[in-house]
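Okay, structure25.tsv is below, TSV, C-alpha atoms:
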chain	number	residue	atom	x	y	z
A	55	MET	CA	24.09	61.01	2.56
A	56	THR	CA	24.77	58.38	5.20
A	57	THR	CA	23.93	54.68	5.32
A	58	THR	CA	23.44	52.51	8.33
A	59	GLN	CA	25.12	49.14	8.12
A	60	LYS	CA	23.13	46.38	9.75
A	61	ILE	CA	24.74	44.50	12.59
A	62	LYS	CA	25.21	40.79	11.93
A	63	ILE	CA	24.92	38.13	14.64
A	64	THR	CA	26.34	34.61	14.31
A	65	VAL	CA	25.44	31.47	16.24
A	66	LYS	CA	26.77	27.97	15.66
A	67	THR	CA	26.81	24.41	16.94
A	68	ILE	CA	28.30	21.04	16.02
A	69	VAL	CA	25.83	18.18	15.50
A	70	ASP	CA	27.10	14.62	15.85
A	71	SER	CA	25.14	13.21	12.89
A	72	PRO	CA	25.64	12.63	9.13
A	73	LEU	CA	25.44	15.71	6.90
A	74	GLU	CA	22.39	14.49	4.95
A	75	LYS	CA	20.48	13.88	8.18
A	76	VAL	CA	21.41	17.28	9.62
A	77	TRP	CA	20.25	19.00	6.44
A	78	ASP	CA	16.94	17.10	6.34
A	79	TYR	CA	16.15	17.68	10.02
A	80	PHE	CA	16.92	21.38	9.67
A	81	THR	CA	14.78	21.91	6.57
A	82	GLN	CA	11.84	19.46	6.67
A	83	PRO	CA	8.65	20.82	8.31
A	84	LYS	CA	7.88	17.51	10.07
A	85	HIS	CA	11.14	17.99	12.00
A	86	ILE	CA	11.18	21.79	12.30
A	87	ILE	CA	8.07	21.81	14.48
A	88	HIS	CA	9.84	19.69	17.11
A	89	TRP	CA	12.95	21.80	17.70
A	90	ASN	CA	12.09	25.36	16.67
A	91	ASN	CA	11.55	27.02	20.06
A	92	ALA	CA	13.81	29.18	22.21
A	93	SER	CA	12.28	28.17	25.57
A	94	PRO	CA	10.14	25.29	26.91
A	95	ASP	CA	7.02	27.48	27.17
A	96	TRP	CA	7.01	28.12	23.40
A	97	HIS	CA	6.48	25.76	20.47
A	98	SER	CA	6.00	25.69	16.70
A	99	PRO	CA	2.67	23.99	15.91
A	100	SER	CA	3.09	24.22	12.13
A	101	ALA	CA	5.67	24.85	9.42
A	102	GLU	CA	5.78	25.12	5.62
A	103	ASN	CA	8.97	25.13	3.56
A	104	ASP	CA	9.54	25.46	-0.18
A	105	LEU	CA	13.33	25.11	-0.18
A	106	GLN	CA	14.40	26.57	-3.53
A	107	PRO	CA	15.48	29.99	-4.79
A	108	GLY	CA	12.35	32.15	-4.75
A	109	GLY	CA	10.51	29.67	-2.55
A	110	SER	CA	9.00	30.81	0.73
A	111	PHE	CA	8.82	29.40	4.25
A	112	THR	CA	6.59	30.06	7.25
A	113	THR	CA	6.86	28.71	10.77
A	114	ARG	CA	4.15	29.45	13.31
A	115	MET	CA	5.62	30.20	16.74
A	116	GLU	CA	3.33	30.39	19.77
A	117	ALA	CA	3.40	30.45	23.55
A	118	LYS	CA	2.04	27.10	24.78
A	119	ASP	CA	-0.58	28.87	26.90
A	120	GLY	CA	-1.95	30.56	23.77
A	121	SER	CA	-1.26	34.07	25.07
A	122	MET	CA	0.76	35.18	22.04
A	123	GLY	CA	2.20	34.01	18.76
A	124	PHE	CA	3.59	35.09	15.40
A	125	ASP	CA	4.56	33.78	11.97
A	126	PHE	CA	8.28	33.70	11.16
A	127	GLY	CA	8.79	33.60	7.41
A	128	GLY	CA	10.77	34.69	4.41
A	129	VAL	CA	11.91	33.98	0.86
A	130	TYR	CA	14.96	31.95	-0.15
A	131	GLN	CA	17.68	33.63	-2.21
A	132	GLU	CA	20.31	30.92	-2.71
A	133	VAL	CA	20.15	27.20	-1.98
A	134	GLN	CA	23.06	24.75	-2.24
A	135	LYS	CA	21.82	21.35	-1.05
A	136	HIS	CA	23.67	19.92	1.96
A	137	SER	CA	25.84	23.04	2.08
A	138	PHE	CA	24.23	26.47	2.34
A	139	PHE	CA	21.11	28.57	1.97
A	140	SER	CA	20.26	32.24	2.40
A	141	TYR	CA	16.97	34.05	2.74
A	142	ILE	CA	15.32	37.40	3.31
A	143	MET	CA	12.92	37.56	6.25
A	144	ASP	CA	9.47	39.10	5.93
A	145	ASP	CA	10.78	42.23	7.67
A	146	GLY	CA	13.60	42.63	5.12
A	147	ARG	CA	16.48	41.32	7.21
A	148	GLN	CA	18.89	38.82	5.66
A	149	ALA	CA	20.10	35.50	7.03
A	150	ALA	CA	22.28	32.61	5.91
A	151	VAL	CA	22.84	29.07	7.18
A	152	SER	CA	25.85	26.90	6.34
A	153	PHE	CA	26.54	23.20	6.93
A	154	LYS	CA	30.17	22.03	7.08
A	155	LYS	CA	31.59	18.60	7.83
A	156	VAL	CA	34.04	18.65	10.75
A	157	PRO	CA	35.77	15.82	12.68
A	158	ASP	CA	33.03	15.73	15.34
A	159	GLY	CA	30.07	15.86	12.94
A	160	VAL	CA	28.52	18.82	11.12
A	161	GLU	CA	29.05	22.45	12.05
A	162	VAL	CA	25.87	24.47	11.53
A	163	THR	CA	26.39	28.25	11.39
A	164	GLU	CA	23.61	30.85	11.24
A	165	THR	CA	24.32	34.52	10.50
A	166	PHE	CA	21.49	37.05	10.54
A	167	ASP	CA	20.80	40.77	10.56
A	168	ALA	CA	19.95	42.03	14.03
A	169	GLU	CA	16.65	43.81	14.64
A	170	MET	CA	16.36	46.98	16.68
A	171	GLU	CA	13.72	46.03	19.29
A	172	ASN	CA	15.82	43.67	21.41
A	173	SER	CA	19.43	43.79	22.59
A	174	MET	CA	22.14	41.93	20.70
A	175	GLU	CA	22.59	39.62	23.70
A	176	VAL	CA	18.89	38.68	23.81
A	177	GLN	CA	18.77	38.01	20.07
A	178	LYS	CA	21.93	35.91	20.07
A	179	SER	CA	20.77	33.95	23.11
A	180	GLY	CA	17.37	33.22	21.55
A	181	TRP	CA	18.75	32.02	18.21
A	182	GLN	CA	21.44	29.98	19.97
A	183	SER	CA	18.80	28.30	22.16
A	184	ILE	CA	16.85	27.25	19.09
A	185	LEU	CA	20.02	25.93	17.46
A	186	ASP	CA	20.88	24.01	20.64
A	187	ASN	CA	17.39	22.46	20.58
A	188	PHE	CA	18.04	21.43	16.99
A	189	LYS	CA	21.28	19.71	18.02
A	190	THR	CA	19.55	17.86	20.86
A	191	TYR	CA	16.65	16.78	18.65
A	192	THR	CA	18.86	15.57	15.80
A	193	GLU	CA	21.21	13.61	18.06
A	194	SER	CA	18.43	12.07	20.18
A	195	ASP	CA	17.14	8.52	19.64
A	196	ALA	CA	13.62	9.44	20.78
A	197	LYS	CA	12.18	11.50	17.91
A	198	LEU	CA	8.70	12.45	16.87
A	199	VAL	CA	7.60	13.54	13.41
A	200	ARG	CA	4.34	15.32	12.58
A	201	LEU	CA	2.03	13.55	10.15
A	202	ASN	CA	-1.03	15.13	8.50
A	203	PHE	CA	-4.06	13.49	6.91
A	204	GLN	CA	-7.41	14.75	5.72
A	205	ILE	CA	-10.62	13.47	4.18
A	206	LEU	CA	-13.87	15.06	2.99
A	207	ILE	CA	-16.95	13.35	4.43
A	208	LYS	CA	-20.52	13.87	3.24
A	209	ASN	CA	-22.03	14.53	6.63
A	210	THR	CA	-22.16	17.39	9.12
A	211	PRO	CA	-19.35	18.13	11.60
A	212	ALA	CA	-21.69	17.25	14.49
A	213	GLU	CA	-22.44	13.82	13.03
A	214	VAL	CA	-18.83	13.08	12.04
A	215	TYR	CA	-17.72	14.10	15.54
A	216	ARG	CA	-20.37	11.87	17.15
A	217	ILE	CA	-19.77	8.85	14.93
A	218	MET	CA	-16.00	9.13	15.23
A	219	LEU	CA	-16.05	9.12	19.05
A	220	GLU	CA	-19.05	7.01	20.14
A	221	LYS	CA	-17.68	3.68	21.27
A	222	PRO	CA	-19.56	1.29	18.90
A	223	THR	CA	-18.60	3.23	15.76
A	224	TYR	CA	-15.17	4.15	17.14
A	225	GLU	CA	-14.41	0.44	17.51
A	226	GLU	CA	-15.64	-0.12	13.96
A	227	TRP	CA	-13.36	2.35	12.17
A	228	THR	CA	-10.31	1.80	14.42
A	229	ASP	CA	-10.50	-1.94	13.82
A	230	VAL	CA	-8.41	-1.09	10.75
A	231	PHE	CA	-5.47	-0.32	13.08
A	232	SER	CA	-5.85	-3.44	15.18
A	233	PRO	CA	-8.73	-5.90	15.72
A	234	GLY	CA	-10.27	-5.29	19.12
A	235	SER	CA	-9.37	-1.60	19.26
A	236	THR	CA	-11.36	0.42	21.79
A	237	TYR	CA	-10.94	3.08	24.45
A	238	ILE	CA	-11.46	3.21	28.19
A	239	GLY	CA	-12.33	6.52	29.80
A	240	SER	CA	-13.91	9.79	28.77
A	241	TRP	CA	-13.47	12.29	25.95
A	242	GLU	CA	-14.08	15.20	28.34
A	243	LYS	CA	-11.39	17.87	28.52
A	244	GLY	CA	-8.77	16.97	31.14
A	245	SER	CA	-9.82	13.33	31.36
A	246	LYS	CA	-7.51	10.34	31.23
A	247	ILE	CA	-8.27	7.98	28.36
A	248	LEU	CA	-6.72	4.63	27.47
A	249	PHE	CA	-6.47	3.63	23.82
A	250	VAL	CA	-6.52	-0.14	23.93
A	251	SER	CA	-5.97	-3.07	21.61
A	252	LEU	CA	-7.31	-6.28	23.15
A	253	GLY	CA	-5.03	-9.26	22.49
A	254	GLU	CA	-6.20	-12.81	21.81
A	255	GLU	CA	-6.05	-13.58	25.54
A	256	GLY	CA	-7.84	-10.37	26.49
A	257	ASN	CA	-4.67	-8.52	27.48
A	258	GLN	CA	-4.89	-4.76	27.25
A	259	ASN	CA	-2.09	-3.05	25.33
A	260	GLY	CA	-1.97	0.50	24.07
A	261	LEU	CA	-1.43	4.10	25.18
A	262	VAL	CA	-2.17	6.09	28.31
A	263	SER	CA	-3.36	9.52	27.25
A	264	LYS	CA	-5.07	12.74	28.32
A	265	VAL	CA	-7.69	14.82	26.53
A	266	VAL	CA	-6.06	18.25	26.42
A	267	LYS	CA	-8.85	19.96	24.51
A	268	ASN	CA	-12.34	19.00	23.35
A	269	GLU	CA	-14.44	21.58	21.53
A	270	PRO	CA	-17.50	19.54	20.45
A	271	ASN	CA	-17.92	19.32	16.67
A	272	LYS	CA	-14.77	21.43	16.17
A	273	HIS	CA	-11.51	20.20	17.64
A	274	ILE	CA	-9.94	17.50	19.83
A	275	ASP	CA	-6.36	17.45	21.14
A	276	ILE	CA	-5.01	14.30	22.82
A	277	GLU	CA	-1.61	14.04	24.51
A	278	HIS	CA	-0.04	10.60	24.93
A	279	LEU	CA	1.62	10.17	28.33
A	280	GLY	CA	2.63	6.53	28.65
A	281	GLU	CA	2.21	2.94	27.56
A	282	LEU	CA	-0.33	0.29	28.56
A	283	LYS	CA	1.24	-3.16	28.55
A	284	GLU	CA	-0.87	-6.17	29.53
A	285	GLY	CA	-3.11	-3.89	31.55
A	286	VAL	CA	-0.26	-2.15	33.41
A	287	GLU	CA	0.31	1.58	32.95
A	288	ILE	CA	4.00	2.30	32.29
A	289	MET	CA	4.89	5.98	32.57
A	290	GLU	CA	8.70	5.88	32.45
A	291	GLY	CA	11.40	4.11	30.43
A	292	LYS	CA	12.97	4.11	26.98
A	293	GLU	CA	9.91	2.85	25.09
A	294	VAL	CA	7.67	5.38	26.83
A	295	GLU	CA	10.01	8.23	25.90
A	296	MET	CA	9.29	7.48	22.23
A	297	TRP	CA	5.66	8.53	22.74
A	298	LYS	CA	5.63	10.79	25.79
A	299	GLY	CA	4.36	14.23	24.88
A	300	ALA	CA	3.10	13.18	21.43
A	301	HIS	CA	-0.16	14.81	20.37
A	302	GLU	CA	-3.02	13.56	18.21
A	303	LYS	CA	-5.42	16.22	16.96
A	304	TYR	CA	-8.75	16.00	15.11
A	305	THR	CA	-10.25	19.10	13.48
A	306	PHE	CA	-13.77	19.17	12.00
A	307	GLU	CA	-14.27	21.91	9.38
A	308	GLY	CA	-17.74	22.41	7.97
A	309	GLN	CA	-17.94	22.85	4.20
A	310	GLY	CA	-21.61	23.25	3.34
A	311	ASP	CA	-23.25	19.93	4.26
A	312	ASN	CA	-19.85	18.22	4.28
A	313	THR	CA	-17.01	17.96	6.80
A	314	LEU	CA	-13.30	18.23	6.10
A	315	LEU	CA	-11.71	16.08	8.79
A	316	LEU	CA	-8.08	16.99	9.49
A	317	ILE	CA	-5.76	14.69	11.43
A	318	ASP	CA	-2.46	15.97	12.85
A	319	LEU	CA	-0.43	13.52	14.89
A	320	ASP	CA	3.04	13.03	16.26
A	321	SER	CA	4.59	9.68	15.42
A	322	SER	CA	7.85	8.10	16.44
A	323	MET	CA	10.25	7.65	13.55
A	324	GLU	CA	9.84	3.90	13.92
A	325	PHE	CA	6.10	4.03	13.11
A	326	ASP	CA	6.23	6.83	10.51
A	327	ASP	CA	5.76	4.54	7.50
A	328	TYR	CA	3.14	2.40	9.27
A	329	PHE	CA	0.89	5.35	10.12
A	330	THR	CA	1.39	6.91	6.69
A	331	GLY	CA	-0.03	3.71	5.19
A	332	ILE	CA	-2.73	2.83	7.73
A	333	TRP	CA	-4.35	6.18	8.61
A	334	PRO	CA	-5.80	6.80	5.12
A	335	LYS	CA	-7.40	3.34	5.26
A	336	ALA	CA	-8.90	4.06	8.67
A	337	LEU	CA	-10.26	7.40	7.45
A	338	ASP	CA	-11.79	5.71	4.40
A	339	LYS	CA	-13.57	3.34	6.79
A	340	LEU	CA	-14.80	6.25	8.92
A	341	LYS	CA	-16.02	8.05	5.80
A	342	GLU	CA	-17.92	4.92	4.73
A	343	ILE	CA	-19.63	4.67	8.13
A	344	CYS	CA	-20.51	8.38	8.29
A	345	GLU	CA	-21.89	8.54	4.78
A	346	LYS	CA	-23.89	5.35	5.25
A	347	ARG	CA	-25.51	6.91	8.32
A	348	ASN	CA	-26.21	9.99	6.20
A	349	GLY	CA	-27.89	7.99	3.44

Could you rewrite the structure in this file as structure tokens?
Amino acid sequence: MTTTQKIKITVKTIVDSPLEKVWDYFTQPKHIIHWNNASPDWHSPSAENDLQPGGSFTTRMEAKDGSMGFDFGGVYQEVQKHSFFSYIMDDGRQAAVSFKKVPDGVEVTETFDAEMENSMEVQKSGWQSILDNFKTYTESDAKLVRLNFQILIKNTPAEVYRIMLEKPTYEEWTDVFSPGSTYIGSWEKGSKILFVSLGEEGNQNGLVSKVVKNEPNKHIDIEHLGELKEGVEIMEGKEVEMWKGAHEKYTFEGQGDNTLLLIDLDSSMEFDDYFTGIWPKALDKLKEICEKRNG
């Protein structure tokens, strides 16, 4: 009887950040989705993580053009907070990640069982690229976190979609964010749209954005490209980098005569707490308007 010993591959990097921060950014889903890709044409639109022995994790990995994708997941075996965790992947391979303080920051080391479909070089290069992305993300000042909100509205997806986007009612529910909120442009796919807050003197401030996807009554995806400051579109600079590439997505799921409205948006770390507090209030206002129109 013979046994085949699995080949182990190790990748590592040193992150110039505090240990607690490195651990949180590596393990929290709102951060994972921003660094977990091996090349610029791939991304991770969603992640779930129950970080405890016996807990499971799943990260969705997809090509940005939608041509392919897969779920990467597994079950945790051992977890030592701020130090180490190990897991078994869905295909049975084992992996471990360690975090060690060193003079230049925190050394993150990943060791995993190789699979048989790709060469050792390709596998090591791919995992190292993801780890390098993690280092860049964690050390960068311009960070985005993914926030999720949802609300059940007693009205059809078609009506919620219409009321949410038509300018008079849009201005009504977004007034919660800032008095005088409106938009300039079109909701058509590929169109430029400005999300504007009118100041006391009529100055236009807000975001320059593009409608990436619009499936009527189903889904909207907006990408923020720049900043609008006193009516001037600013597409480069430090403040713009905080928002550039951030997405805001609305999904309308029919549930009988009701609609489950799902909001997924990228927020800068600076506005994380603000949006966490204000978005539920805005959705409550939208729900009130939709259900009043349904009465």

If you count all atoms listed in the file, the residue of A:Gly239, A:Gly308, A:Gly260, A:Pro334 closest to His273 in chain A turns out to be A:Gly308

Could you put an axis-aligned box around every listed atom of range 75-88 of chain A, padded by 8 Å on each side, and send me its centre and edge lengths in Å to one decimal, as JSON?
{"center_x": 14.6, "center_y": 17.9, "center_z": 11.7, "size_x": 29.5, "size_y": 24.0, "size_z": 26.8}

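Each of A:Ser245, A:Ala92, A:Gly234, A:Arg216 was compared to Val176 in chain A using only C-alpha atoms, and A:Ala92 turns out to be the nearest.
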
Report as an MDAnalysis selection string all protein, DNA and RNA residues lying within 9 Å of range 184-190 of chain A, evaluated on all atoms listed in the file, omitting residues in the same chain fewer than 5 positions from it. chainID A and resid 65:70 76 79:80 86 88:93 162 164 179

Just-selected residues, C-alpha atoms written as an mmCIF file, in the frame of the given file:
data_model
loop_
_atom_site.group_PDB
_atom_site.id
_atom_site.type_symbol
_atom_site.label_atom_id
_atom_site.label_comp_id
_atom_site.auth_asym_id
_atom_site.auth_seq_id
_atom_site.Cartn_x
_atom_site.Cartn_y
_atom_site.Cartn_z
ATOM 1 C CA VAL A 65 25.440 31.470 16.240
ATOM 2 C CA LYS A 66 26.770 27.970 15.660
ATOM 3 C CA THR A 67 26.810 24.410 16.940
ATOM 4 C CA ILE A 68 28.300 21.040 16.020
ATOM 5 C CA VAL A 69 25.830 18.180 15.500
ATOM 6 C CA ASP A 70 27.100 14.620 15.850
ATOM 7 C CA VAL A 76 21.410 17.280 9.620
ATOM 8 C CA TYR A 79 16.150 17.680 10.020
ATOM 9 C CA PHE A 80 16.920 21.380 9.670
ATOM 10 C CA ILE A 86 11.180 21.790 12.300
ATOM 11 C CA HIS A 88 9.840 19.690 17.110
ATOM 12 C CA TRP A 89 12.950 21.800 17.700
ATOM 13 C CA ASN A 90 12.090 25.360 16.670
ATOM 14 C CA ASN A 91 11.550 27.020 20.060
ATOM 15 C CA ALA A 92 13.810 29.180 22.210
ATOM 16 C CA SER A 93 12.280 28.170 25.570
ATOM 17 C CA VAL A 162 25.870 24.470 11.530
ATOM 18 C CA GLU A 164 23.610 30.850 11.240
ATOM 19 C CA SER A 179 20.770 33.950 23.110
#

I'd like to know which of A:Glu226, A:Glu324, A:Asp78, A:Glu269 is closest to Lys339 in chain A, using all atoms listed in the file.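 Closest candidate: A:Glu226.
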
If we count all atoms listed in the file and set the cut-off at 12 Å, which residues sit around Ser263 in chain A, ignoring sequence neighbours fewer than 4 positions away in its own chain? Please answer as a PDB file with C-alpha atoms, keeping the file's coordinate frame.
ATOM      1  CA  TYR A 237     -10.940   3.080  24.450  1.00  0.00           C
ATOM      2  CA  ILE A 238     -11.460   3.210  28.190  1.00  0.00           C
ATOM      3  CA  GLY A 239     -12.330   6.520  29.800  1.00  0.00           C
ATOM      4  CA  SER A 240     -13.910   9.790  28.770  1.00  0.00           C
ATOM      5  CA  TRP A 241     -13.470  12.290  25.950  1.00  0.00           C
ATOM      6  CA  LYS A 243     -11.390  17.870  28.520  1.00  0.00           C
ATOM      7  CA  GLY A 244      -8.770  16.970  31.140  1.00  0.00           C
ATOM      8  CA  SER A 245      -9.820  13.330  31.360  1.00  0.00           C
ATOM      9  CA  LYS A 246      -7.510  10.340  31.230  1.00  0.00           C
ATOM     10  CA  ILE A 247      -8.270   7.980  28.360  1.00  0.00           C
ATOM     11  CA  LEU A 248      -6.720   4.630  27.470  1.00  0.00           C
ATOM     12  CA  PHE A 249      -6.470   3.630  23.820  1.00  0.00           C
ATOM     13  CA  VAL A 250      -6.520  -0.140  23.930  1.00  0.00           C
ATOM     14  CA  ASP A 275      -6.360  17.450  21.140  1.00  0.00           C
ATOM     15  CA  ILE A 276      -5.010  14.300  22.820  1.00  0.00           C
ATOM     16  CA  GLU A 277      -1.610  14.040  24.510  1.00  0.00           C
ATOM     17  CA  HIS A 278      -0.040  10.600  24.930  1.00  0.00           C
ATOM     18  CA  LEU A 279       1.620  10.170  28.330  1.00  0.00           C
ATOM     19  CA  GLY A 280       2.630   6.530  28.650  1.00  0.00           C
ATOM     20  CA  GLU A 281       2.210   2.940  27.560  1.00  0.00           C
ATOM     21  CA  LEU A 282      -0.330   0.290  28.560  1.00  0.00           C
ATOM     22  CA  GLU A 287       0.310   1.580  32.950  1.00  0.00           C
ATOM     23  CA  ILE A 288       4.000   2.300  32.290  1.00  0.00           C
ATOM     24  CA  MET A 289       4.890   5.980  32.570  1.00  0.00           C
ATOM     25  CA  VAL A 294       7.670   5.380  26.830  1.00  0.00           C
ATOM     26  CA  TRP A 297       5.660   8.530  22.740  1.00  0.00           C
ATOM     27  CA  LYS A 298       5.630  10.790  25.790  1.00  0.00           C
ATOM     28  CA  GLY A 299       4.360  14.230  24.880  1.00  0.00           C
ATOM     29  CA  ALA A 300       3.100  13.180  21.430  1.00  0.00           C
ATOM     30  CA  HIS A 301      -0.160  14.810  20.370  1.00  0.00           C
ATOM     31  CA  GLU A 302      -3.020  13.560  18.210  1.00  0.00           C
TER      32      GLU A 302
END

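Distances here use only C-alpha atoms; by that measure, the residue among A:Asp158, A:Ser322, A:Thr236, A:Lys283 closest to Glu295 in chain A is A:Ser322.
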
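For the choices A:Pro157, A:Gly331, A:Gly310, A:Pro211, the atom-to-atom distance to Val230 in chain A is smallest for A:Gly331 when using all atoms listed in the file.
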
With only C-alpha atoms as the basis for distance, which of A:Pro72, A:Lys264, A:Gln82, A:Asp125 is at the shortest distance from Asp144 in chain A?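 Among the listed residues, the smallest separation from Asp144 in chain A belongs to A:Asp125.
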
Give me, please, the distance in Å between CA of Asp119 in chain A and CA of Ile274 in chain A, quoted to one decimal.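 A separation of 16.3 Å between them.
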
Applying 8 Å and only C-alpha atoms, which residues near range 198-210 of chain A remain after dropping the ones on its own chain fewer than 3 positions away? List them as a count of residues only. 33

Place N, CA, C and O atoms on range 186-206 of chain A and deliver the coordinates as a PDB file, in the coordinates of the input.
ATOM      1  N   ASP A 186      20.547  25.059  19.678  1.00  0.00           N
ATOM      2  CA  ASP A 186      20.880  24.010  20.640  1.00  0.00           C
ATOM      3  C   ASP A 186      19.776  22.964  20.702  1.00  0.00           C
ATOM      4  O   ASP A 186      20.048  21.759  20.832  1.00  0.00           O
ATOM      5  N   ASN A 187      18.511  23.412  20.620  1.00  0.00           N
ATOM      6  CA  ASN A 187      17.390  22.460  20.580  1.00  0.00           C
ATOM      7  C   ASN A 187      17.483  21.579  19.343  1.00  0.00           C
ATOM      8  O   ASN A 187      17.190  20.377  19.392  1.00  0.00           O
ATOM      9  N   PHE A 188      17.877  22.197  18.219  1.00  0.00           N
ATOM     10  CA  PHE A 188      18.040  21.430  16.990  1.00  0.00           C
ATOM     11  C   PHE A 188      19.088  20.348  17.167  1.00  0.00           C
ATOM     12  O   PHE A 188      18.893  19.196  16.763  1.00  0.00           O
ATOM     13  N   LYS A 189      20.211  20.684  17.765  1.00  0.00           N
ATOM     14  CA  LYS A 189      21.280  19.710  18.020  1.00  0.00           C
ATOM     15  C   LYS A 189      20.765  18.556  18.874  1.00  0.00           C
ATOM     16  O   LYS A 189      20.967  17.387  18.539  1.00  0.00           O
ATOM     17  N   THR A 190      20.079  18.892  19.964  1.00  0.00           N
ATOM     18  CA  THR A 190      19.550  17.860  20.860  1.00  0.00           C
ATOM     19  C   THR A 190      18.571  16.954  20.149  1.00  0.00           C
ATOM     20  O   THR A 190      18.615  15.720  20.283  1.00  0.00           O
ATOM     21  N   TYR A 191      17.666  17.552  19.383  1.00  0.00           N
ATOM     22  CA  TYR A 191      16.650  16.780  18.650  1.00  0.00           C
ATOM     23  C   TYR A 191      17.302  15.851  17.634  1.00  0.00           C
ATOM     24  O   TYR A 191      16.960  14.665  17.533  1.00  0.00           O
ATOM     25  N   THR A 192      18.252  16.362  16.873  1.00  0.00           N
ATOM     26  CA  THR A 192      18.860  15.570  15.800  1.00  0.00           C
ATOM     27  C   THR A 192      19.695  14.425  16.354  1.00  0.00           C
ATOM     28  O   THR A 192      19.740  13.337  15.777  1.00  0.00           O
ATOM     29  N   GLU A 193      20.350  14.640  17.481  1.00  0.00           N
ATOM     30  CA  GLU A 193      21.210  13.610  18.060  1.00  0.00           C
ATOM     31  C   GLU A 193      20.436  12.600  18.911  1.00  0.00           C
ATOM     32  O   GLU A 193      20.948  11.517  19.218  1.00  0.00           O
ATOM     33  N   SER A 194      19.210  12.930  19.279  1.00  0.00           N
ATOM     34  CA  SER A 194      18.430  12.070  20.180  1.00  0.00           C
ATOM     35  C   SER A 194      17.878  10.848  19.451  1.00  0.00           C
ATOM     36  O   SER A 194      17.559  10.890  18.266  1.00  0.00           O
ATOM     37  N   ASP A 195      17.756   9.740  20.186  1.00  0.00           N
ATOM     38  CA  ASP A 195      17.140   8.520  19.640  1.00  0.00           C
ATOM     39  C   ASP A 195      15.626   8.605  19.671  1.00  0.00           C
ATOM     40  O   ASP A 195      14.945   7.945  18.890  1.00  0.00           O
ATOM     41  N   ALA A 196      15.073   9.343  20.626  1.00  0.00           N
ATOM     42  CA  ALA A 196      13.620   9.440  20.780  1.00  0.00           C
ATOM     43  C   ALA A 196      13.126  10.650  19.987  1.00  0.00           C
ATOM     44  O   ALA A 196      13.211  11.782  20.436  1.00  0.00           O
ATOM     45  N   LYS A 197      12.622  10.415  18.783  1.00  0.00           N
ATOM     46  CA  LYS A 197      12.180  11.500  17.910  1.00  0.00           C
ATOM     47  C   LYS A 197      10.734  11.319  17.506  1.00  0.00           C
ATOM     48  O   LYS A 197      10.258  10.212  17.316  1.00  0.00           O
ATOM     49  N   LEU A 198      10.059  12.446  17.359  1.00  0.00           N
ATOM     50  CA  LEU A 198       8.700  12.450  16.870  1.00  0.00           C
ATOM     51  C   LEU A 198       8.649  13.251  15.582  1.00  0.00           C
ATOM     52  O   LEU A 198       9.340  14.263  15.434  1.00  0.00           O
ATOM     53  N   VAL A 199       7.831  12.797  14.651  1.00  0.00           N
ATOM     54  CA  VAL A 199       7.600  13.540  13.410  1.00  0.00           C
ATOM     55  C   VAL A 199       6.108  13.822  13.322  1.00  0.00           C
ATOM     56  O   VAL A 199       5.286  13.061  13.821  1.00  0.00           O
ATOM     57  N   ARG A 200       5.742  14.937  12.713  1.00  0.00           N
ATOM     58  CA  ARG A 200       4.340  15.320  12.580  1.00  0.00           C
ATOM     59  C   ARG A 200       3.802  14.801  11.251  1.00  0.00           C
ATOM     60  O   ARG A 200       4.365  15.047  10.185  1.00  0.00           O
ATOM     61  N   LEU A 201       2.693  14.080  11.328  1.00  0.00           N
ATOM     62  CA  LEU A 201       2.030  13.550  10.150  1.00  0.00           C
ATOM     63  C   LEU A 201       0.668  14.232  10.002  1.00  0.00           C
ATOM     64  O   LEU A 201       0.018  14.552  11.004  1.00  0.00           O
ATOM     65  N   ASN A 202       0.240  14.447   8.775  1.00  0.00           N
ATOM     66  CA  ASN A 202      -1.030  15.130   8.500  1.00  0.00           C
ATOM     67  C   ASN A 202      -1.845  14.329   7.505  1.00  0.00           C
ATOM     68  O   ASN A 202      -1.324  13.870   6.489  1.00  0.00           O
ATOM     69  N   PHE A 203      -3.135  14.178   7.803  1.00  0.00           N
ATOM     70  CA  PHE A 203      -4.060  13.490   6.910  1.00  0.00           C
ATOM     71  C   PHE A 203      -5.362  14.274   6.871  1.00  0.00           C
ATOM     72  O   PHE A 203      -5.693  14.992   7.815  1.00  0.00           O
ATOM     73  N   GLN A 204      -6.107  14.105   5.791  1.00  0.00           N
ATOM     74  CA  GLN A 204      -7.410  14.750   5.720  1.00  0.00           C
ATOM     75  C   GLN A 204      -8.329  13.972   4.792  1.00  0.00           C
ATOM     76  O   GLN A 204      -7.872  13.228   3.911  1.00  0.00           O
ATOM     77  N   ILE A 205      -9.643  14.137   5.024  1.00  0.00           N
ATOM     78  CA  ILE A 205     -10.620  13.470   4.180  1.00  0.00           C
ATOM     79  C   ILE A 205     -11.913  14.277   4.215  1.00  0.00           C
ATOM     80  O   ILE A 205     -12.267  14.857   5.250  1.00  0.00           O
ATOM     81  N   LEU A 206     -12.600  14.353   3.085  1.00  0.00           N
ATOM     82  CA  LEU A 206     -13.870  15.060   2.990  1.00  0.00           C
ATOM     83  C   LEU A 206     -14.994  14.035   3.150  1.00  0.00           C
ATOM     84  O   LEU A 206     -15.052  13.037   2.418  1.00  0.00           O
TER      85      LEU A 206
END
